[in-house]
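Enquirer: Please find target_28.pdb (PDB, N, CA and C atoms) on the next line:
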```pdb
ATOM      1  N   MET Z 569     -96.681  73.811 -61.903
ATOM      2  CA  MET Z 569     -97.309  74.504 -60.790
ATOM      3  C   MET Z 569     -96.321  75.454 -60.116
ATOM      4  N   LEU Z 570     -95.095  74.991 -59.933
ATOM      5  CA  LEU Z 570     -94.086  75.828 -59.284
ATOM      6  C   LEU Z 570     -93.759  77.049 -60.135
ATOM      7  N   ARG Z 571     -93.736  76.889 -61.451
ATOM      8  CA  ARG Z 571     -93.462  78.008 -62.353
ATOM      9  C   ARG Z 571     -94.571  79.060 -62.236
ATOM     10  N   PHE Z 572     -95.844  78.620 -62.190
ATOM     11  CA  PHE Z 572     -96.967  79.532 -62.040
ATOM     12  C   PHE Z 572     -96.884  80.272 -60.713
ATOM     13  N   LEU Z 573     -96.568  79.560 -59.658
ATOM     14  CA  LEU Z 573     -96.451  80.169 -58.337
ATOM     15  C   LEU Z 573     -95.314  81.184 -58.306
ATOM     16  N   THR Z 574     -94.190  80.860 -58.932
ATOM     17  CA  THR Z 574     -93.057  81.784 -58.989
ATOM     18  C   THR Z 574     -93.437  83.054 -59.735
ATOM     19  N   LYS Z 575     -94.138  82.924 -60.858
ATOM     20  CA  LYS Z 575     -94.567  84.101 -61.619
ATOM     21  C   LYS Z 575     -95.546  84.937 -60.802
ATOM     22  N   ALA Z 576     -96.439  84.286 -60.079
ATOM     23  CA  ALA Z 576     -97.401  85.016 -59.250
ATOM     24  C   ALA Z 576     -96.692  85.778 -58.134
ATOM     25  N   VAL Z 577     -95.703  85.166 -57.514
ATOM     26  CA  VAL Z 577     -94.947  85.824 -56.452
ATOM     27  C   VAL Z 577     -94.154  87.006 -57.019
ATOM     28  N   ILE Z 578     -93.517  86.809 -58.165
ATOM     29  CA  ILE Z 578     -92.766  87.897 -58.798
ATOM     30  C   ILE Z 578     -93.700  89.053 -59.137
ATOM     31  N   PHE Z 579     -94.859  88.755 -59.684
ATOM     32  CA  PHE Z 579     -95.818  89.790 -60.043
ATOM     33  C   PHE Z 579     -96.299  90.537 -58.796
ATOM     34  N   THR Z 580     -96.624  89.806 -57.736
ATOM     35  CA  THR Z 580     -97.095  90.425 -56.502
ATOM     36  C   THR Z 580     -96.034  91.329 -55.889
ATOM     37  N   ILE Z 581     -94.820  90.836 -55.796
ATOM     38  CA  ILE Z 581     -93.736  91.633 -55.221
ATOM     39  C   ILE Z 581     -93.453  92.849 -56.093
ATOM     40  N   SER Z 582     -93.526  92.695 -57.398
ATOM     41  CA  SER Z 582     -93.305  93.827 -58.310
ATOM     42  C   SER Z 582     -94.349  94.912 -58.098
ATOM     43  N   ILE Z 583     -95.598  94.512 -57.952
ATOM     44  CA  ILE Z 583     -96.665  95.494 -57.727
ATOM     45  C   ILE Z 583     -96.456  96.220 -56.408
ATOM     46  N   LEU Z 584     -96.151  95.483 -55.349
ATOM     47  CA  LEU Z 584     -95.965  96.109 -54.039
ATOM     48  C   LEU Z 584     -94.754  97.045 -54.029
ATOM     49  N   ALA Z 585     -93.662  96.611 -54.631
ATOM     50  CA  ALA Z 585     -92.474  97.466 -54.702
ATOM     51  C   ALA Z 585     -92.734  98.696 -55.565
ATOM     52  N   SER Z 586     -93.443  98.525 -56.675
ATOM     53  CA  SER Z 586     -93.776  99.666 -57.537
ATOM     54  C   SER Z 586     -94.654 100.665 -56.801
ATOM     55  N   TYR Z 587     -95.581 100.162 -56.008
ATOM     56  CA  TYR Z 587     -96.436 101.055 -55.228
ATOM     57  C   TYR Z 587     -95.613 101.890 -54.256
ATOM     58  N   LEU Z 588     -94.679 101.251 -53.576
ATOM     59  CA  LEU Z 588     -93.831 101.991 -52.645
ATOM     60  C   LEU Z 588     -93.015 103.061 -53.367
ATOM     61  N   ILE Z 589     -92.457 102.725 -54.511
ATOM     62  CA  ILE Z 589     -91.642 103.677 -55.267
ATOM     63  C   ILE Z 589     -92.498 104.832 -55.776
ATOM     64  N   THR Z 590     -93.653 104.515 -56.375
ATOM     65  CA  THR Z 590     -94.500 105.589 -56.892
ATOM     66  C   THR Z 590     -95.112 106.410 -55.768
ATOM     67  N   GLY Z 591     -95.356 105.796 -54.618
ATOM     68  CA  GLY Z 591     -95.846 106.550 -53.461
ATOM     69  C   GLY Z 591     -94.836 107.580 -52.993
ATOM     70  N   ALA Z 592     -93.571 107.197 -52.978
ATOM     71  CA  ALA Z 592     -92.520 108.146 -52.601
ATOM     72  C   ALA Z 592     -92.430 109.282 -53.620
ATOM     73  N   ILE Z 593     -92.569 108.940 -54.897
ATOM     74  CA  ILE Z 593     -92.548 109.970 -55.938
ATOM     75  C   ILE Z 593     -93.774 110.872 -55.807
ATOM     76  N   GLU Z 594     -94.921 110.286 -55.514
ATOM     77  CA  GLU Z 594     -96.148 111.054 -55.340
ATOM     78  C   GLU Z 594     -96.007 112.049 -54.191
ATOM     79  N   ASP Z 595     -95.455 111.611 -53.069
ATOM     80  CA  ASP Z 595     -95.248 112.510 -51.933
ATOM     81  C   ASP Z 595     -94.376 113.697 -52.337
ATOM     82  N   ARG Z 596     -93.332 113.415 -53.058
ATOM     83  CA  ARG Z 596     -92.417 114.472 -53.519
ATOM     84  C   ARG Z 596     -93.134 115.447 -54.449
ATOM     85  N   VAL Z 597     -93.911 114.906 -55.383
ATOM     86  CA  VAL Z 597     -94.645 115.753 -56.332
ATOM     87  C   VAL Z 597     -95.646 116.630 -55.594
ATOM     88  N   LEU Z 598     -96.377 116.054 -54.640
ATOM     89  CA  LEU Z 598     -97.374 116.824 -53.904
ATOM     90  C   LEU Z 598     -96.736 117.935 -53.072
ATOM     91  N   ARG Z 599     -95.553 117.700 -52.545
ATOM     92  CA  ARG Z 599     -94.861 118.759 -51.803
ATOM     93  C   ARG Z 599     -94.468 119.914 -52.712
ATOM     94  N   GLU Z 600     -94.087 119.594 -53.937
ATOM     95  CA  GLU Z 600     -93.638 120.617 -54.878
ATOM     96  C   GLU Z 600     -94.799 121.358 -55.532
ATOM     97  N   THR Z 601     -95.971 120.739 -55.610
ATOM     98  CA  THR Z 601     -97.081 121.354 -56.328
ATOM     99  C   THR Z 601     -97.980 122.207 -55.442
ATOM    100  N   GLU Z 602     -97.605 122.421 -54.203
ATOM    101  CA  GLU Z 602     -98.424 123.249 -53.317
ATOM    102  C   GLU Z 602     -98.501 124.694 -53.792
ATOM    103  N   GLN Z 603     -97.594 125.085 -54.650
ATOM    104  CA  GLN Z 603     -97.606 126.448 -55.160
ATOM    105  C   GLN Z 603     -98.627 126.631 -56.286
ATOM    106  N   PHE Z 604     -99.204 125.541 -56.804
ATOM    107  CA  PHE Z 604    -100.187 125.598 -57.884
ATOM    108  C   PHE Z 604    -101.599 125.495 -57.332
ATOM    109  N   ARG Z 605    -102.559 125.854 -58.159
ATOM    110  CA  ARG Z 605    -103.961 125.663 -57.787
ATOM    111  C   ARG Z 605    -104.241 124.163 -57.744
ATOM    112  N   PRO Z 606    -105.239 123.731 -56.966
ATOM    113  CA  PRO Z 606    -105.497 122.294 -56.811
ATOM    114  C   PRO Z 606    -105.705 121.542 -58.134
ATOM    115  N   LEU Z 607    -106.463 122.108 -59.070
ATOM    116  CA  LEU Z 607    -106.695 121.405 -60.328
ATOM    117  C   LEU Z 607    -105.397 121.244 -61.116
ATOM    118  N   THR Z 608    -104.595 122.307 -61.177
ATOM    119  CA  THR Z 608    -103.318 122.243 -61.883
ATOM    120  C   THR Z 608    -102.385 121.235 -61.215
ATOM    121  N   ALA Z 609    -102.332 121.275 -59.893
ATOM    122  CA  ALA Z 609    -101.481 120.340 -59.152
ATOM    123  C   ALA Z 609    -101.939 118.903 -59.378
ATOM    124  N   THR Z 610    -103.258 118.687 -59.400
ATOM    125  CA  THR Z 610    -103.794 117.344 -59.626
ATOM    126  C   THR Z 610    -103.416 116.826 -61.008
ATOM    127  N   LEU Z 611    -103.602 117.654 -62.027
ATOM    128  CA  LEU Z 611    -103.266 117.236 -63.390
ATOM    129  C   LEU Z 611    -101.775 116.975 -63.543
ATOM    130  N   LEU Z 612    -100.946 117.848 -62.957
ATOM    131  CA  LEU Z 612     -99.497 117.627 -62.996
ATOM    132  C   LEU Z 612     -99.122 116.331 -62.284
ATOM    133  N   GLY Z 613     -99.680 116.133 -61.105
ATOM    134  CA  GLY Z 613     -99.384 114.925 -60.335
ATOM    135  C   GLY Z 613     -99.791 113.665 -61.070
ATOM    136  N   MET Z 614    -100.976 113.688 -61.667
ATOM    137  CA  MET Z 614    -101.443 112.512 -62.409
ATOM    138  C   MET Z 614    -100.543 112.222 -63.598
ATOM    139  N   ALA Z 615    -100.156 113.259 -64.322
ATOM    140  CA  ALA Z 615     -99.287 113.069 -65.486
ATOM    141  C   ALA Z 615     -97.921 112.523 -65.075
ATOM    142  N   ILE Z 616     -97.368 113.060 -64.010
ATOM    143  CA  ILE Z 616     -96.051 112.600 -63.558
ATOM    144  C   ILE Z 616     -96.115 111.167 -63.059
ATOM    145  N   ILE Z 617     -97.159 110.830 -62.327
ATOM    146  CA  ILE Z 617     -97.280 109.471 -61.804
ATOM    147  C   ILE Z 617     -97.393 108.459 -62.951
ATOM    148  N   VAL Z 618     -98.199 108.774 -63.961
ATOM    149  CA  VAL Z 618     -98.319 107.859 -65.104
ATOM    150  C   VAL Z 618     -96.992 107.764 -65.846
ATOM    151  N   ALA Z 619     -96.356 108.922 -66.063
ATOM    152  CA  ALA Z 619     -95.085 108.928 -66.794
ATOM    153  C   ALA Z 619     -94.001 108.163 -66.046
ATOM    154  N   VAL Z 620     -94.076 108.167 -64.728
ATOM    155  CA  VAL Z 620     -93.054 107.499 -63.929
ATOM    156  C   VAL Z 620     -93.427 106.052 -63.644
ATOM    157  N   PHE Z 621     -94.715 105.772 -63.412
ATOM    158  CA  PHE Z 621     -95.129 104.442 -62.985
ATOM    159  C   PHE Z 621     -94.830 103.364 -64.022
ATOM    160  N   VAL Z 622     -95.065 103.651 -65.280
ATOM    161  CA  VAL Z 622     -94.878 102.629 -66.316
ATOM    162  C   VAL Z 622     -93.427 102.146 -66.363
ATOM    163  N   PRO Z 623     -92.432 103.037 -66.502
ATOM    164  CA  PRO Z 623     -91.061 102.525 -66.515
ATOM    165  C   PRO Z 623     -90.621 101.967 -65.157
ATOM    166  N   VAL Z 624     -91.107 102.563 -64.069
ATOM    167  CA  VAL Z 624     -90.741 102.059 -62.745
ATOM    168  C   VAL Z 624     -91.248 100.632 -62.574
ATOM    169  N   PHE Z 625     -92.484 100.365 -62.985
ATOM    170  CA  PHE Z 625     -93.036  99.021 -62.856
ATOM    171  C   PHE Z 625     -92.251  98.031 -63.708
ATOM    172  N   ALA Z 626     -91.949  98.425 -64.943
ATOM    173  CA  ALA Z 626     -91.196  97.528 -65.829
ATOM    174  C   ALA Z 626     -89.807  97.238 -65.243
ATOM    175  N   TYR Z 627     -89.132  98.266 -64.739
ATOM    176  CA  TYR Z 627     -87.807  98.095 -64.150
ATOM    177  C   TYR Z 627     -87.892  97.258 -62.870
ATOM    178  N   THR Z 628     -88.878  97.570 -62.029
ATOM    179  CA  THR Z 628     -89.033  96.842 -60.766
ATOM    180  C   THR Z 628     -89.317  95.369 -61.024
ATOM    181  N   GLU Z 629     -90.132  95.082 -62.041
ATOM    182  CA  GLU Z 629     -90.449  93.685 -62.339
ATOM    183  C   GLU Z 629     -89.198  92.921 -62.766
ATOM    184  N   ARG Z 630     -88.370  93.535 -63.611
ATOM    185  CA  ARG Z 630     -87.125  92.868 -64.037
ATOM    186  C   ARG Z 630     -86.175  92.675 -62.859
ATOM    187  N   MET Z 631     -86.038  93.715 -62.034
ATOM    188  CA  MET Z 631     -85.141  93.626 -60.880
ATOM    189  C   MET Z 631     -85.652  92.604 -59.863
ATOM    190  N   THR Z 632     -86.954  92.594 -59.628
ATOM    191  CA  THR Z 632     -87.538  91.635 -58.692
ATOM    192  C   THR Z 632     -87.325  90.206 -59.185
ATOM    193  N   GLU Z 633     -87.564  89.981 -60.469
ATOM    194  CA  GLU Z 633     -87.375  88.647 -61.029
ATOM    195  C   GLU Z 633     -85.922  88.194 -60.901
ATOM    196  N   ALA Z 634     -84.986  89.087 -61.191
ATOM    197  CA  ALA Z 634     -83.564  88.736 -61.076
ATOM    198  C   ALA Z 634     -83.193  88.451 -59.623
ATOM    199  N   ALA Z 635     -83.684  89.288 -58.697
ATOM    200  CA  ALA Z 635     -83.364  89.092 -57.282
ATOM    201  C   ALA Z 635     -83.960  87.796 -56.751
ATOM    202  N   ILE Z 636     -85.187  87.497 -57.140
ATOM    203  CA  ILE Z 636     -85.825  86.272 -56.664
ATOM    204  C   ILE Z 636     -85.112  85.043 -57.219
ATOM    205  N   LYS Z 637     -84.768  85.079 -58.490
ATOM    206  CA  LYS Z 637     -84.064  83.930 -59.065
ATOM    207  C   LYS Z 637     -82.708  83.721 -58.399
ATOM    208  N   ALA Z 638     -81.993  84.815 -58.138
ATOM    209  CA  ALA Z 638     -80.698  84.692 -57.463
ATOM    210  C   ALA Z 638     -80.879  84.182 -56.038
ATOM    211  N   GLY Z 639     -81.871  84.712 -55.342
ATOM    212  CA  GLY Z 639     -82.143  84.257 -53.981
ATOM    213  C   GLY Z 639     -82.570  82.811 -53.927
ATOM    214  N   LEU Z 640     -83.382  82.401 -54.892
ATOM    215  CA  LEU Z 640     -83.819  81.002 -54.918
ATOM    216  C   LEU Z 640     -82.654  80.061 -55.177
ATOM    217  N   ARG Z 641     -81.723  80.477 -56.023
ATOM    218  CA  ARG Z 641     -80.542  79.634 -56.259
ATOM    219  C   ARG Z 641     -79.733  79.480 -54.976
ATOM    220  N   GLN Z 642     -79.600  80.565 -54.221
ATOM    221  CA  GLN Z 642     -78.824  80.514 -52.979
ATOM    222  C   GLN Z 642     -79.517  79.665 -51.916
ATOM    223  N   THR Z 643     -80.822  79.890 -51.734
ATOM    224  CA  THR Z 643     -81.521  79.151 -50.679
ATOM    225  C   THR Z 643     -81.733  77.697 -51.061
ATOM    226  N   LYS Z 644     -81.838  77.414 -52.364
ATOM    227  CA  LYS Z 644     -82.014  76.028 -52.810
ATOM    228  C   LYS Z 644     -80.799  75.197 -52.416
ATOM    229  N   ALA Z 645     -79.624  75.799 -52.513
ATOM    230  CA  ALA Z 645     -78.401  75.076 -52.175
ATOM    231  C   ALA Z 645     -78.331  74.787 -50.673
ATOM    232  N   GLY Z 646     -78.824  75.706 -49.855
ATOM    233  CA  GLY Z 646     -78.705  75.540 -48.409
ATOM    234  C   GLY Z 646     -79.855  74.801 -47.762
ATOM    235  N   ALA Z 647     -81.096  75.064 -48.192
ATOM    236  CA  ALA Z 647     -82.245  74.507 -47.486
ATOM    237  C   ALA Z 647     -83.092  73.578 -48.335
ATOM    238  N   GLY Z 648     -82.714  73.350 -49.560
ATOM    239  CA  GLY Z 648     -83.531  72.528 -50.444
ATOM    240  C   GLY Z 648     -84.423  73.414 -51.300
ATOM    241  N   LYS Z 649     -84.925  72.866 -52.380
ATOM    242  CA  LYS Z 649     -85.662  73.659 -53.369
ATOM    243  C   LYS Z 649     -86.934  74.284 -52.798
ATOM    244  N   VAL Z 650     -87.816  73.499 -52.250
ATOM    245  CA  VAL Z 650     -89.106  74.003 -51.783
ATOM    246  C   VAL Z 650     -88.956  74.819 -50.503
ATOM    247  N   LEU Z 651     -88.257  74.276 -49.530
ATOM    248  CA  LEU Z 651     -88.078  74.985 -48.265
ATOM    249  C   LEU Z 651     -87.310  76.283 -48.478
ATOM    250  N   GLY Z 652     -86.307  76.271 -49.323
ATOM    251  CA  GLY Z 652     -85.548  77.483 -49.619
ATOM    252  C   GLY Z 652     -86.409  78.544 -50.264
ATOM    253  N   ALA Z 653     -87.276  78.140 -51.185
ATOM    254  CA  ALA Z 653     -88.174  79.091 -51.843
ATOM    255  C   ALA Z 653     -89.150  79.697 -50.846
ATOM    256  N   VAL Z 654     -89.697  78.872 -49.972
ATOM    257  CA  VAL Z 654     -90.645  79.368 -48.964
ATOM    258  C   VAL Z 654     -89.951  80.349 -48.018
ATOM    259  N   ILE Z 655     -88.769  80.017 -47.571
ATOM    260  CA  ILE Z 655     -88.024  80.905 -46.669
ATOM    261  C   ILE Z 655     -87.698  82.220 -47.362
ATOM    262  N   PHE Z 656     -87.225  82.147 -48.602
ATOM    263  CA  PHE Z 656     -86.857  83.360 -49.328
ATOM    264  C   PHE Z 656     -88.067  84.266 -49.554
ATOM    265  N   VAL Z 657     -89.174  83.701 -50.006
ATOM    266  CA  VAL Z 657     -90.388  84.492 -50.238
ATOM    267  C   VAL Z 657     -90.901  85.068 -48.920
ATOM    268  N   GLY Z 658     -90.820  84.295 -47.854
ATOM    269  CA  GLY Z 658     -91.215  84.803 -46.535
ATOM    270  C   GLY Z 658     -90.391  86.003 -46.107
ATOM    271  N   ILE Z 659     -89.085  85.955 -46.344
ATOM    272  CA  ILE Z 659     -88.208  87.073 -45.999
ATOM    273  C   ILE Z 659     -88.565  88.308 -46.827
ATOM    274  N   ILE Z 660     -88.809  88.110 -48.130
ATOM    275  CA  ILE Z 660     -89.178  89.230 -48.999
ATOM    276  C   ILE Z 660     -90.473  89.873 -48.508
ATOM    277  N   PHE Z 661     -91.479  89.054 -48.179
ATOM    278  CA  PHE Z 661     -92.739  89.609 -47.707
ATOM    279  C   PHE Z 661     -92.588  90.287 -46.343
ATOM    280  N   LEU Z 662     -91.728  89.776 -45.495
ATOM    281  CA  LEU Z 662     -91.466  90.455 -44.219
ATOM    282  C   LEU Z 662     -90.864  91.837 -44.450
ATOM    283  N   ILE Z 663     -89.941  91.938 -45.386
ATOM    284  CA  ILE Z 663     -89.339  93.232 -45.719
ATOM    285  C   ILE Z 663     -90.403  94.183 -46.257
ATOM    286  N   LEU Z 664     -91.257  93.680 -47.160
ATOM    287  CA  LEU Z 664     -92.322  94.527 -47.704
ATOM    288  C   LEU Z 664     -93.309  94.962 -46.625
ATOM    289  N   ILE Z 665     -93.660  94.068 -45.721
ATOM    290  CA  ILE Z 665     -94.558  94.424 -44.615
ATOM    291  C   ILE Z 665     -93.931  95.524 -43.775
ATOM    292  N   ALA Z 666     -92.641  95.400 -43.495
ATOM    293  CA  ALA Z 666     -91.951  96.427 -42.710
ATOM    294  C   ALA Z 666     -91.959  97.779 -43.427
ATOM    295  N   LEU Z 667     -91.740  97.766 -44.732
ATOM    296  CA  LEU Z 667     -91.753  99.015 -45.496
ATOM    297  C   LEU Z 667     -93.148  99.638 -45.535
ATOM    298  N   PHE Z 668     -94.176  98.818 -45.710
ATOM    299  CA  PHE Z 668     -95.541  99.346 -45.714
ATOM    300  C   PHE Z 668     -95.949  99.858 -44.336
ATOM    301  N   LEU Z 669     -95.580  99.167 -43.275
ATOM    302  CA  LEU Z 669     -95.878  99.658 -41.921
ATOM    303  C   LEU Z 669     -95.238 101.021 -41.686
ATOM    304  N   ASP Z 670     -93.999 101.166 -42.130
ATOM    305  CA  ASP Z 670     -93.320 102.444 -41.966
ATOM    306  C   ASP Z 670     -93.989 103.528 -42.798
ATOM    307  N   ARG Z 671     -94.352 103.223 -44.016
ATOM    308  CA  ARG Z 671     -94.956 104.216 -44.920
ATOM    309  C   ARG Z 671     -96.343 104.624 -44.456
ATOM    310  N   TRP Z 672     -97.183 103.656 -44.101
ATOM    311  CA  TRP Z 672     -98.568 103.962 -43.771
ATOM    312  C   TRP Z 672     -98.773 104.414 -42.330
ATOM    313  N   PHE Z 673     -98.016 103.848 -41.397
ATOM    314  CA  PHE Z 673     -98.260 104.137 -39.989
ATOM    315  C   PHE Z 673     -97.070 104.739 -39.254
ATOM    316  N   GLY Z 674     -95.918 104.774 -39.911
ATOM    317  CA  GLY Z 674     -94.724 105.342 -39.287
ATOM    318  C   GLY Z 674     -94.197 104.502 -38.132
ATOM    319  N   ILE Z 675     -94.432 103.196 -38.175
ATOM    320  CA  ILE Z 675     -93.952 102.322 -37.105
ATOM    321  C   ILE Z 675     -93.120 101.199 -37.713
ATOM    322  N   SER Z 676     -92.306 100.602 -36.873
ATOM    323  CA  SER Z 676     -91.499  99.458 -37.318
ATOM    324  C   SER Z 676     -92.306  98.178 -37.122
ATOM    325  N   ILE Z 677     -91.797  97.118 -37.690
ATOM    326  CA  ILE Z 677     -92.475  95.821 -37.563
ATOM    327  C   ILE Z 677     -92.441  95.334 -36.114
ATOM    328  N   ILE Z 678     -91.394  95.670 -35.394
ATOM    329  CA  ILE Z 678     -91.284  95.290 -33.971
ATOM    330  C   ILE Z 678     -92.346  96.026 -33.145
ATOM    331  N   ASP Z 679     -92.570  97.314 -33.458
ATOM    332  CA  ASP Z 679     -93.606  98.066 -32.759
ATOM    333  C   ASP Z 679     -94.998  97.498 -33.045
ATOM    334  N   ALA Z 680     -95.205  96.991 -34.251
ATOM    335  CA  ALA Z 680     -96.514  96.448 -34.630
ATOM    336  C   ALA Z 680     -96.797  95.129 -33.929
ATOM    337  N   ILE Z 681     -95.735  94.383 -33.630
ATOM    338  CA  ILE Z 681     -95.927  93.086 -32.972
ATOM    339  C   ILE Z 681     -96.170  93.336 -31.515
TER     340      ILE Z 681
END
```
Could you render the structure from this file as structure tokens?

Expert:
Amino acid sequence: MLRFLTKAVIFTISILASYLITGAIEDRVLRETEQFRPLTATLLGMAIIVAVFVPVFAYTERMTEAAIKAGLRQTKAGAGKVLGAVIFVGIIFLILIALFLDRWFGISIIDAI
């Protein structure tokens, strides 16, 4: 059960991190494509996002898995296996929430509270 939960958390964090990375790339592409007609800009943007998203997701998933495993080893030693995992995953999700709040609304997590 713990292995399934760990894989689900890694997958979820990978998707959220990949979205943030591809969103930043999308913003950059859209700024550069303003010189093209809308259809051309759309096709270019779609092609670039697909070309970038696949390797970014694969890289992000490997990096997320490595970071989570390293973090779990550290927190397991200090707070115990289950409590350490819960604390570590909570911290990761807090960081992701802060990044999404900044990206979508331009506010910090403190401002949202």

Enquirer: Mind giving me the straight-line distance from CA of Leu573 in chain Z to CA of Arg671 in chain Z in Å, one decimal?

Expert: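 Going from CA of Leu573 in chain Z over to CA of Arg671 in chain Z covers 27.6 Å.
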
Enquirer: With distances taken over all atoms listed in the file, which of Z:Glu633, Z:Ala666, Z:Trp672, Z:Ile660 is nearest to Phe579 in chain Z?

Expert: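 Comparing Z:Glu633, Z:Ala666, Z:Trp672, Z:Ile660 against Phe579 in chain Z, the winner is Z:Glu633.
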
Enquirer: Run the PyMOL selection byres ((chain Z and resi 584-596) around 8) on the file and write out the hits as a PDB file with N, CA and C atoms, in the frame of the given file.

Expert:
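Now in expr14.pdb:
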```pdb
ATOM      1  N   ILE Z 578     -93.517  86.809 -58.165  1.00  0.00           N
ATOM      2  CA  ILE Z 578     -92.766  87.897 -58.798  1.00  0.00           C
ATOM      3  C   ILE Z 578     -93.700  89.053 -59.137  1.00  0.00           C
ATOM      4  N   PHE Z 579     -94.859  88.755 -59.684  1.00  0.00           N
ATOM      5  CA  PHE Z 579     -95.818  89.790 -60.043  1.00  0.00           C
ATOM      6  C   PHE Z 579     -96.299  90.537 -58.796  1.00  0.00           C
ATOM      7  N   THR Z 580     -96.624  89.806 -57.736  1.00  0.00           N
ATOM      8  CA  THR Z 580     -97.095  90.425 -56.502  1.00  0.00           C
ATOM      9  C   THR Z 580     -96.034  91.329 -55.889  1.00  0.00           C
ATOM     10  N   ILE Z 581     -94.820  90.836 -55.796  1.00  0.00           N
ATOM     11  CA  ILE Z 581     -93.736  91.633 -55.221  1.00  0.00           C
ATOM     12  C   ILE Z 581     -93.453  92.849 -56.093  1.00  0.00           C
ATOM     13  N   SER Z 582     -93.526  92.695 -57.398  1.00  0.00           N
ATOM     14  CA  SER Z 582     -93.305  93.827 -58.310  1.00  0.00           C
ATOM     15  C   SER Z 582     -94.349  94.912 -58.098  1.00  0.00           C
ATOM     16  N   ILE Z 583     -95.598  94.512 -57.952  1.00  0.00           N
ATOM     17  CA  ILE Z 583     -96.665  95.494 -57.727  1.00  0.00           C
ATOM     18  C   ILE Z 583     -96.456  96.220 -56.408  1.00  0.00           C
ATOM     19  N   VAL Z 597     -93.911 114.906 -55.383  1.00  0.00           N
ATOM     20  CA  VAL Z 597     -94.645 115.753 -56.332  1.00  0.00           C
ATOM     21  C   VAL Z 597     -95.646 116.630 -55.594  1.00  0.00           C
ATOM     22  N   LEU Z 598     -96.377 116.054 -54.640  1.00  0.00           N
ATOM     23  CA  LEU Z 598     -97.374 116.824 -53.904  1.00  0.00           C
ATOM     24  C   LEU Z 598     -96.736 117.935 -53.072  1.00  0.00           C
ATOM     25  N   ARG Z 599     -95.553 117.700 -52.545  1.00  0.00           N
ATOM     26  CA  ARG Z 599     -94.861 118.759 -51.803  1.00  0.00           C
ATOM     27  C   ARG Z 599     -94.468 119.914 -52.712  1.00  0.00           C
ATOM     28  N   GLU Z 600     -94.087 119.594 -53.937  1.00  0.00           N
ATOM     29  CA  GLU Z 600     -93.638 120.617 -54.878  1.00  0.00           C
ATOM     30  C   GLU Z 600     -94.799 121.358 -55.532  1.00  0.00           C
ATOM     31  N   THR Z 601     -95.971 120.739 -55.610  1.00  0.00           N
ATOM     32  CA  THR Z 601     -97.081 121.354 -56.328  1.00  0.00           C
ATOM     33  C   THR Z 601     -97.980 122.207 -55.442  1.00  0.00           C
ATOM     34  N   GLY Z 613     -99.680 116.133 -61.105  1.00  0.00           N
ATOM     35  CA  GLY Z 613     -99.384 114.925 -60.335  1.00  0.00           C
ATOM     36  C   GLY Z 613     -99.791 113.665 -61.070  1.00  0.00           C
ATOM     37  N   ILE Z 616     -97.368 113.060 -64.010  1.00  0.00           N
ATOM     38  CA  ILE Z 616     -96.051 112.600 -63.558  1.00  0.00           C
ATOM     39  C   ILE Z 616     -96.115 111.167 -63.059  1.00  0.00           C
ATOM     40  N   ILE Z 617     -97.159 110.830 -62.327  1.00  0.00           N
ATOM     41  CA  ILE Z 617     -97.280 109.471 -61.804  1.00  0.00           C
ATOM     42  C   ILE Z 617     -97.393 108.459 -62.951  1.00  0.00           C
ATOM     43  N   VAL Z 620     -94.076 108.167 -64.728  1.00  0.00           N
ATOM     44  CA  VAL Z 620     -93.054 107.499 -63.929  1.00  0.00           C
ATOM     45  C   VAL Z 620     -93.427 106.052 -63.644  1.00  0.00           C
ATOM     46  N   PHE Z 621     -94.715 105.772 -63.412  1.00  0.00           N
ATOM     47  CA  PHE Z 621     -95.129 104.442 -62.985  1.00  0.00           C
ATOM     48  C   PHE Z 621     -94.830 103.364 -64.022  1.00  0.00           C
ATOM     49  N   VAL Z 624     -91.107 102.563 -64.069  1.00  0.00           N
ATOM     50  CA  VAL Z 624     -90.741 102.059 -62.745  1.00  0.00           C
ATOM     51  C   VAL Z 624     -91.248 100.632 -62.574  1.00  0.00           C
ATOM     52  N   PHE Z 625     -92.484 100.365 -62.985  1.00  0.00           N
ATOM     53  CA  PHE Z 625     -93.036  99.021 -62.856  1.00  0.00           C
ATOM     54  C   PHE Z 625     -92.251  98.031 -63.708  1.00  0.00           C
ATOM     55  N   ALA Z 626     -91.949  98.425 -64.943  1.00  0.00           N
ATOM     56  CA  ALA Z 626     -91.196  97.528 -65.829  1.00  0.00           C
ATOM     57  C   ALA Z 626     -89.807  97.238 -65.243  1.00  0.00           C
ATOM     58  N   THR Z 628     -88.878  97.570 -62.029  1.00  0.00           N
ATOM     59  CA  THR Z 628     -89.033  96.842 -60.766  1.00  0.00           C
ATOM     60  C   THR Z 628     -89.317  95.369 -61.024  1.00  0.00           C
ATOM     61  N   GLU Z 629     -90.132  95.082 -62.041  1.00  0.00           N
ATOM     62  CA  GLU Z 629     -90.449  93.685 -62.339  1.00  0.00           C
ATOM     63  C   GLU Z 629     -89.198  92.921 -62.766  1.00  0.00           C
ATOM     64  N   LEU Z 664     -91.257  93.680 -47.160  1.00  0.00           N
ATOM     65  CA  LEU Z 664     -92.322  94.527 -47.704  1.00  0.00           C
ATOM     66  C   LEU Z 664     -93.309  94.962 -46.625  1.00  0.00           C
ATOM     67  N   LEU Z 667     -91.740  97.766 -44.732  1.00  0.00           N
ATOM     68  CA  LEU Z 667     -91.753  99.015 -45.496  1.00  0.00           C
ATOM     69  C   LEU Z 667     -93.148  99.638 -45.535  1.00  0.00           C
ATOM     70  N   PHE Z 668     -94.176  98.818 -45.710  1.00  0.00           N
ATOM     71  CA  PHE Z 668     -95.541  99.346 -45.714  1.00  0.00           C
ATOM     72  C   PHE Z 668     -95.949  99.858 -44.336  1.00  0.00           C
TER      73      PHE Z 668
END
```

Enquirer: Just the number, please: distance in Å from atom N of Gly639 in chain Z to atom N of Ile665 in chain Z, one decimal.

Expert: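 It comes out at 17.9 Å.
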
Enquirer: Take atom N of Val577 in chain Z and CA of Ile678 in chain Z and report the distance between them in Å, one decimal.

Expert: 26.0 Å

Enquirer: Around all of range 658-674 of chain Z's listed atoms, make the axis-aligned box with 6 Å on each side and tell me centre and edge lengths in Å to one decimal, as lines of an AutoDock Vina configuration file.

Expert:
```
center_x = -93.5
center_y = 94.8
center_z = -43.6
size_x = 22.6
size_y = 33.0
size_z = 22.9
```
